[in-house]
Amino acid sequence: MSAAARRPRTRVGPGTDRRSAPLDVDALLDDRSTEIVVCCGSGGVGKTTTSAALALRAAERGRRVVVLTIDPARRLAQSMGIAELDNTPRPVADVDGAAGGSLDAMMLDMKRTFDEVVLTQASPEKAEQILANPFYIALSSSFAGTQEYMAMEKLGQIHRERVVGSGDYDLIVVDTPPSRSALDFLDAPERLSSFLDGRFVRLMLAPARGPARLMTAGFSLITNALTKILGAQFLKDLQTFVSALDTVFGGFRQRAQKTYSLLQADGTAFLVVAAPEPDALREAAYFVERLSEDAMPLAGLIVNRASAAPASDLSAEEAAAGAERLRAEDPESLTAGLLRLHADRARLVEREGTLRDRFAAAHPQVATAVVPALAGDVHDLDGLRQVGELLGD
């Protein structure tokens, strides 16, 4: 594909000032320099389906693709005919590989990813000690923010091991969690650094890091008080856990920073997915502004499940007026009912168009693709292909 046929990712910023253009999804997927596509957006807008459809379309156009979902929903597995998704990429059957592409799918297992970090960064004895620690078990299973930390870890791991030249994949499609937490993984390196550098962590590490002189009378008073309140075993487990964080996860901090830089690179493209509704488009505006602040490469906006315009050119006002006249003559008139439905659909299409126009006026630099709503739910590969074709139109 020629350079002129490509649509470069947009660095959104105040200096950008041009009209909105159609989002060329196929050009984005066919561009071999695109290594990562990140789909973000609020909940309930079809983001998981969009991610799967993009991955399938890319695979059937010749890319070697893995789609990673961080959304806990199981719809992706069901749509792709896979009994269960987990932390291991699994091939999707019945993908048309005539163009030389392939598709694997996986779902982030944050506990298993956390365990993998421990096993690769610590000695067998140290790893066994950490994995059995009650504080580690709680953190790796349910602690707020762990999912986003591990998403960064898994994305970086896949890219390091399996992308570009020596790997199994040349494209990663990432389906992020719903709502504004979808961008929390961008904050993972900073949050982790703040936690590891916090005063409490430094206090717990003092005996292990420094000479005996650090065990001052003041520190002894603190630890004695904590021992009385929490118990000696509790405090020992806590100190063991904090020490493990410092020794084992220091490397994760550097890897997370590298992944953050990877997300800012030209090989990454962010797609914001929204529905043609006020709340969803407000969230989309938030995503666009946040990506701008973090200098992330935005490819465009996908407005999903848009209402299709009525086939007739009859306006909403004309249809409503006609319905009223017919109802006055015959309250049971079927034609009047059909005209009322036409008026309601025309008004809905007009309202959605106004919302999109407002978004475009506020963010003229953001290329947009509009995907009409389907008659039913997407539950198989044929449905995903249909969504992909609509995205490519």
# chains A, B, ... in the order shown; residues from 1 in each chain; ligands from 1
$ residues_around --residues "Gln386 in chain A" --least-positions-apart "3" --cutoff "12 Å" --atoms "only C-alpha atoms" --output "list in words"
Thr49, Thr50, Ala52, Ala53, Leu54, Leu56, Arg57, Val371, Pro372, Ala373, Leu374, Ala375, Gly376, Asp377, Val378, His379, Asp380, Leu381, Asp382, Gly383, Glu389, Leu390, Leu391, Gly392 and Asp393 of chain A
$ atom_distance --atom1 "CA of Leu338 in chain A" --atom2 "CA of Ser312 in chain A"
12.2 Å
$ closest_residue --among "A:Leu263, A:Val37, A:Met80, A:Leu186" --to "Met296 in chain A" --atoms "only C-alpha atoms"
A:Leu263
$ residues_around --residues "Ala323 in chain A" --least-positions-apart "6" --cutoff "7 Å" --atoms "only C-alpha atoms" --output "ChimeraX atom specification"
/A:336-337,339-340
$ residues_around --residues "Glu84 in chain A" --least-positions-apart "6" --cutoff "9 Å" --atoms "only C-alpha atoms" --output "mmCIF file with N, CA, C and O atoms, in the first residue's frame"
data_model
loop_
_atom_site.group_PDB
_atom_site.id
_atom_site.type_symbol
_atom_site.label_atom_id
_atom_site.label_comp_id
_atom_site.auth_asym_id
_atom_site.auth_seq_id
_atom_site.Cartn_x
_atom_site.Cartn_y
_atom_site.Cartn_z
ATOM 1 N N ARG A 74 -17.788 -12.530 28.738
ATOM 2 C CA ARG A 74 -17.407 -13.717 27.980
ATOM 3 C C ARG A 74 -17.925 -13.667 26.540
ATOM 4 O O ARG A 74 -17.873 -14.653 25.824
ATOM 5 N N ALA A 77 -15.418 -14.736 23.656
ATOM 6 C CA ALA A 77 -15.212 -16.170 23.472
ATOM 7 C C ALA A 77 -16.385 -16.793 22.742
ATOM 8 O O ALA A 77 -16.219 -17.603 21.824
ATOM 9 N N GLN A 78 -17.591 -16.421 23.130
ATOM 10 C CA GLN A 78 -18.782 -16.987 22.506
ATOM 11 C C GLN A 78 -18.848 -16.618 21.028
ATOM 12 O O GLN A 78 -19.160 -17.454 20.176
ATOM 13 N N MET A 106 -7.394 -14.222 23.476
ATOM 14 C CA MET A 106 -7.075 -14.499 24.867
ATOM 15 C C MET A 106 -7.768 -13.487 25.766
ATOM 16 O O MET A 106 -8.144 -12.401 25.330
ATOM 17 N N MET A 107 -7.964 -13.869 27.024
ATOM 18 C CA MET A 107 -8.532 -12.965 28.020
ATOM 19 C C MET A 107 -7.546 -12.830 29.166
ATOM 20 O O MET A 107 -6.984 -13.828 29.644
#
$ atom_distance --atom1 "CA of Gly167 in chain A" --atom2 "CA of Asp30 in chain A"
18.2 Å
$ atom_distance --atom1 "CA of Leu103 in chain A" --atom2 "CA of Ala55 in chain A"
7.2 Å
$ select_by_dssp --residues "range 17-145 of chain A" --states "alpha helix (DSSP H)" --output "ChimeraX atom specification"
/A:25-30,47-60,75-79,110-121,124-131,134-142
$ write_last_selection --atoms "C-alpha atoms" --output "CSV table (one decimal), in the first residue's frame"
chain,number,residue,atom,x,y,z
A,25,VAL,CA,-10.3,1.3,9.0
A,26,ASP,CA,-9.0,-1.0,6.3
A,27,ALA,CA,-6.1,1.3,5.6
A,28,LEU,CA,-5.3,1.2,9.3
A,29,LEU,CA,-5.4,-2.6,9.5
A,30,ASP,CA,-3.5,-3.1,6.2
A,47,LYS,CA,-16.4,-2.2,22.3
A,48,THR,CA,-15.7,-5.9,22.8
A,49,THR,CA,-17.6,-6.8,19.6
A,50,THR,CA,-15.8,-4.0,17.7
A,51,SER,CA,-12.4,-5.3,18.9
A,52,ALA,CA,-13.2,-8.8,17.8
A,53,ALA,CA,-14.5,-7.7,14.5
A,54,LEU,CA,-11.4,-5.6,13.8
A,55,ALA,CA,-9.2,-8.5,14.7
A,56,LEU,CA,-11.1,-10.9,12.5
A,57,ARG,CA,-11.1,-8.5,9.6
A,58,ALA,CA,-7.4,-7.8,9.9
A,59,ALA,CA,-6.7,-11.6,10.0
A,60,GLU,CA,-8.7,-12.3,6.9
A,75,ARG,CA,-19.0,-12.4,24.8
A,76,LEU,CA,-15.8,-12.5,22.9
A,77,ALA,CA,-15.2,-16.2,23.5
A,78,GLN,CA,-18.8,-17.0,22.5
A,79,SER,CA,-18.6,-14.9,19.3
A,110,MET,CA,-4.5,-10.9,36.2
A,111,LYS,CA,-3.6,-13.5,38.9
A,112,ARG,CA,-1.8,-15.8,36.5
A,113,THR,CA,0.0,-12.9,34.9
A,114,PHE,CA,1.1,-11.7,38.3
A,115,ASP,CA,2.3,-15.2,39.2
A,116,GLU,CA,4.3,-15.3,35.9
A,117,VAL,CA,6.1,-12.1,36.9
A,118,VAL,CA,7.0,-13.6,40.2
A,119,LEU,CA,8.2,-16.9,38.7
A,120,THR,CA,10.4,-15.1,36.0
A,121,GLN,CA,11.9,-12.5,38.4
A,124,PRO,CA,12.3,-20.8,42.9
A,125,GLU,CA,12.6,-20.6,46.7
A,126,LYS,CA,11.8,-16.9,46.7
A,127,ALA,CA,8.9,-17.3,44.3
A,128,GLU,CA,7.4,-20.1,46.4
A,129,GLN,CA,7.6,-17.8,49.5
A,130,ILE,CA,5.9,-14.9,47.6
A,131,LEU,CA,3.2,-17.0,46.0
A,134,PRO,CA,-1.4,-13.9,52.1
A,135,PHE,CA,-0.8,-10.2,51.2
A,136,TYR,CA,0.4,-11.2,47.7
A,137,ILE,CA,-2.7,-13.5,47.2
A,138,ALA,CA,-5.0,-10.6,48.1
A,139,LEU,CA,-3.2,-8.1,45.9
A,140,SER,CA,-2.9,-10.4,42.9
A,141,SER,CA,-6.6,-11.5,43.1
A,142,SER,CA,-8.6,-8.4,43.8
$ closest_residue --among "A:Ser123, A:Asp175, A:Pro91, A:Asp344" --to "Leu108 in chain A" --atoms "only C-alpha atoms"
A:Asp175
$ residues_around --residues "Ala275 in chain A" --least-positions-apart "5" --cutoff "8 Å" --atoms "only C-alpha atoms" --output "MDAnalysis selection string"
chainID A and resid 45 280:281 303:306
$ write_last_selection --atoms "N, CA, C and O atoms" --output "PDB file, in the first residue's frame"
ATOM      1  N   VAL A  45     -21.225  -0.022  24.705  1.00  0.00           N
ATOM      2  CA  VAL A  45     -21.227   0.594  23.367  1.00  0.00           C
ATOM      3  C   VAL A  45     -20.785  -0.390  22.287  1.00  0.00           C
ATOM      4  O   VAL A  45     -20.615  -0.009  21.139  1.00  0.00           O
ATOM      5  N   ALA A 280     -22.408   8.572  26.119  1.00  0.00           N
ATOM      6  CA  ALA A 280     -21.311   7.853  25.471  1.00  0.00           C
ATOM      7  C   ALA A 280     -20.389   8.796  24.715  1.00  0.00           C
ATOM      8  O   ALA A 280     -19.160   8.640  24.744  1.00  0.00           O
ATOM      9  N   LEU A 281     -20.938   9.810  24.060  1.00  0.00           N
ATOM     10  CA  LEU A 281     -20.109  10.760  23.324  1.00  0.00           C
ATOM     11  C   LEU A 281     -19.382  11.712  24.269  1.00  0.00           C
ATOM     12  O   LEU A 281     -18.274  12.168  23.960  1.00  0.00           O
ATOM     13  N   VAL A 303     -18.395   5.337  15.864  1.00  0.00           N
ATOM     14  CA  VAL A 303     -19.734   5.500  16.434  1.00  0.00           C
ATOM     15  C   VAL A 303     -20.513   4.240  16.090  1.00  0.00           C
ATOM     16  O   VAL A 303     -20.879   4.017  14.931  1.00  0.00           O
ATOM     17  N   ASN A 304     -20.761   3.442  17.102  1.00  0.00           N
ATOM     18  CA  ASN A 304     -21.340   2.118  16.908  1.00  0.00           C
ATOM     19  C   ASN A 304     -22.853   2.142  17.122  1.00  0.00           C
ATOM     20  O   ASN A 304     -23.369   2.969  17.882  1.00  0.00           O
ATOM     21  N   ARG A 305     -23.544   1.231  16.459  1.00  0.00           N
ATOM     22  CA  ARG A 305     -24.987   1.047  16.632  1.00  0.00           C
ATOM     23  C   ARG A 305     -25.789   2.300  16.283  1.00  0.00           C
ATOM     24  O   ARG A 305     -26.740   2.668  16.985  1.00  0.00           O
ATOM     25  N   ALA A 306     -25.414   2.959  15.220  1.00  0.00           N
ATOM     26  CA  ALA A 306     -26.157   4.139  14.767  1.00  0.00           C
ATOM     27  C   ALA A 306     -27.453   3.708  14.102  1.00  0.00           C
ATOM     28  O   ALA A 306     -27.523   2.679  13.431  1.00  0.00           O
TER      29      ALA A 306
END
$ closest_residue --among "A:Ala321, A:Ala132, A:Asp94, A:Ala256" --to "Gln157 in chain A" --atoms "only C-alpha atoms"
A:Ala256
